[in-house]
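Participant: Have a look at this one.
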Amino acid sequence: MVPTTFVAITQWILQQGYSVMFILMLIEGPVVTAAGAFAAAFSYFHLWIVFVLSILANLIPDAVFYVMGYWGRHQFIDKYGSYFGVTKDRIAIAEKLAKNHTGKSLFAIKMIPFIAAPGLIVVGASKMD
């Protein structure tokens, strides 16, 4: 039976526990982290486990996006990049900027909403350390 009411959904999430929380954190981390911390304040979850899951759920997608850009550069960007305005000259400029302003660019990528995924793919494609 599929839970349909708010109470039923909440009980189902509490029964499933940390695995559902981790999967949801992978999709939308900050909102689920706040909800998990709120539930931990009422002793439904352990605070440190919520904290560790939040860190892992933030790092794993970032690493996946970076690797997609790092390994997929020649297979995707060089082939189809011209359709999106990504030329070899622009990639060279992005590599130079990434090398000279690593901290600034990573900070901007992580702080500006909706730019993290494409930004980390570009960072991976530019072979930033």
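Ligands are numbered from 1 in the order shown, chains are lettered A, B, ... in the order of the structure tokens, and residues start at 1 in each chain.
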Apply DSSP to the structure's backbone, then extract all residues of segment 1-123 of chain A labelled helix (DSSP H, G or I) and return them as a compact mmCIF listing (two decimals) with C-alpha atoms, in the first residue's frame.

Facilitator:
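states_8.txt, written as the output of this step:
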# COMPACT_ATOMS: atom_id res chain seq x y z
CA PHE A 6 1.20 13.45 5.16
CA VAL A 7 1.14 11.42 8.38
CA ALA A 8 1.48 8.15 6.49
CA ILE A 9 4.36 9.49 4.39
CA THR A 10 6.11 10.82 7.51
CA GLN A 11 5.75 7.46 9.28
CA TRP A 12 7.05 5.64 6.19
CA ILE A 13 10.11 7.91 6.01
CA LEU A 14 10.80 7.42 9.73
CA GLN A 15 10.54 3.64 9.29
CA GLN A 16 12.86 3.59 6.28
CA TYR A 18 18.62 6.94 6.86
CA SER A 19 18.57 5.22 3.46
CA VAL A 20 15.60 7.29 2.24
CA MET A 21 17.14 10.41 3.75
CA PHE A 22 20.43 9.78 1.93
CA ILE A 23 18.72 9.23 -1.44
CA LEU A 24 16.66 12.38 -0.98
CA MET A 25 19.80 14.31 0.05
CA LEU A 26 21.44 13.26 -3.22
CA ILE A 27 18.53 14.85 -5.08
CA GLY A 29 20.54 18.23 -0.24
CA PRO A 30 19.93 21.45 1.71
CA VAL A 31 16.18 21.02 2.13
CA VAL A 32 16.43 17.40 3.22
CA THR A 33 19.38 18.21 5.49
CA ALA A 34 17.29 20.86 7.21
CA ALA A 35 14.41 18.42 7.58
CA GLY A 36 16.74 15.71 8.90
CA ALA A 37 18.29 18.12 11.40
CA PHE A 38 14.80 19.14 12.52
CA ALA A 39 13.87 15.48 12.99
CA ALA A 40 17.14 14.90 14.85
CA ALA A 41 16.23 17.74 17.22
CA LEU A 47 22.36 14.26 14.57
CA TRP A 48 25.87 13.09 13.66
CA ILE A 49 24.58 10.49 11.22
CA VAL A 50 22.46 13.16 9.51
CA PHE A 51 25.55 15.38 9.37
CA VAL A 52 27.76 12.67 7.81
CA LEU A 53 25.05 11.70 5.31
CA SER A 54 24.68 15.35 4.35
CA ILE A 55 28.41 15.69 3.66
CA LEU A 56 28.51 12.49 1.61
CA ALA A 57 25.37 13.42 -0.32
CA ASN A 58 26.98 16.74 -1.20
CA LEU A 59 30.37 15.33 -2.23
CA ILE A 60 29.23 12.32 -4.27
CA PRO A 61 27.26 14.22 -6.97
CA ASP A 62 30.02 16.84 -7.19
CA ALA A 63 32.59 14.12 -7.84
CA VAL A 64 30.31 12.48 -10.42
CA PHE A 65 29.82 15.77 -12.30
CA TYR A 66 33.57 16.44 -12.24
CA VAL A 67 34.34 12.96 -13.57
CA MET A 68 31.69 13.36 -16.30
CA GLY A 69 33.52 16.44 -17.54
CA TYR A 70 37.00 14.99 -17.05
CA TRP A 71 36.37 11.73 -18.90
CA GLY A 72 33.65 12.90 -21.26
CA ARG A 73 35.42 15.94 -22.69
CA HIS A 74 36.55 14.39 -25.93
CA GLN A 75 33.49 12.21 -26.36
CA PHE A 76 30.88 14.90 -25.80
CA ILE A 77 32.24 18.44 -25.68
CA ASP A 78 34.58 18.16 -28.65
CA LYS A 79 31.85 16.43 -30.68
CA TYR A 80 28.74 18.40 -29.74
CA GLY A 81 30.16 21.51 -28.05
CA SER A 82 29.87 23.66 -31.14
CA TYR A 83 26.08 23.34 -30.96
CA PHE A 84 26.19 24.98 -27.51
CA LYS A 88 38.26 25.01 -28.50
CA ASP A 89 39.19 28.68 -27.98
CA ARG A 90 36.59 29.08 -25.25
CA ILE A 91 37.78 25.89 -23.58
CA ALA A 92 41.34 27.22 -23.63
CA ILE A 93 40.16 30.48 -22.03
CA ALA A 94 38.20 28.54 -19.39
CA GLU A 95 41.27 26.41 -18.63
CA LYS A 96 43.42 29.50 -18.20
CA LEU A 97 40.87 31.18 -15.92
CA ALA A 98 40.40 28.00 -13.92
CA LYS A 99 44.14 27.71 -13.43
CA ASN A 100 44.59 31.35 -12.38
CA THR A 102 40.73 28.20 -8.93
CA GLY A 103 39.30 29.19 -5.55
CA LYS A 104 37.14 31.99 -6.89
CA SER A 105 35.68 29.89 -9.66
CA LEU A 106 34.87 26.93 -7.39
CA PHE A 107 33.31 29.24 -4.81
CA ALA A 108 31.14 30.89 -7.46
CA ILE A 109 30.13 27.56 -8.96
CA LYS A 110 29.01 26.18 -5.60
CA MET A 111 27.27 29.36 -4.38
CA ALA A 116 26.81 23.69 -9.74
CA ALA A 117 26.21 20.72 -12.06
CA PRO A 118 27.19 22.35 -15.37
CA GLY A 119 29.97 24.29 -13.66
CA LEU A 120 31.55 21.16 -12.19
CA ILE A 121 31.30 19.42 -15.57
CA VAL A 122 33.16 22.36 -17.14
CA VAL A 123 35.73 22.28 -14.33

Participant: At what distance in Å, to one decimal, does atom CA of Gly85 of chain A lie from atom CA of Ile112 of chain A?

Facilitator: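 Pair atom CA of Ile112 of chain A / atom CA of Gly85 of chain A returns 21.3 Å.
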
Participant: Tell me which of A:Glu28, A:His46, A:Pro113, A:Val86 sits closest to Ala125 of chain A, counting only C-alpha atoms.

Facilitator: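 Of A:Glu28, A:His46, A:Pro113, A:Val86, the one nearest Ala125 of chain A is A:Val86, counting only C-alpha atoms.
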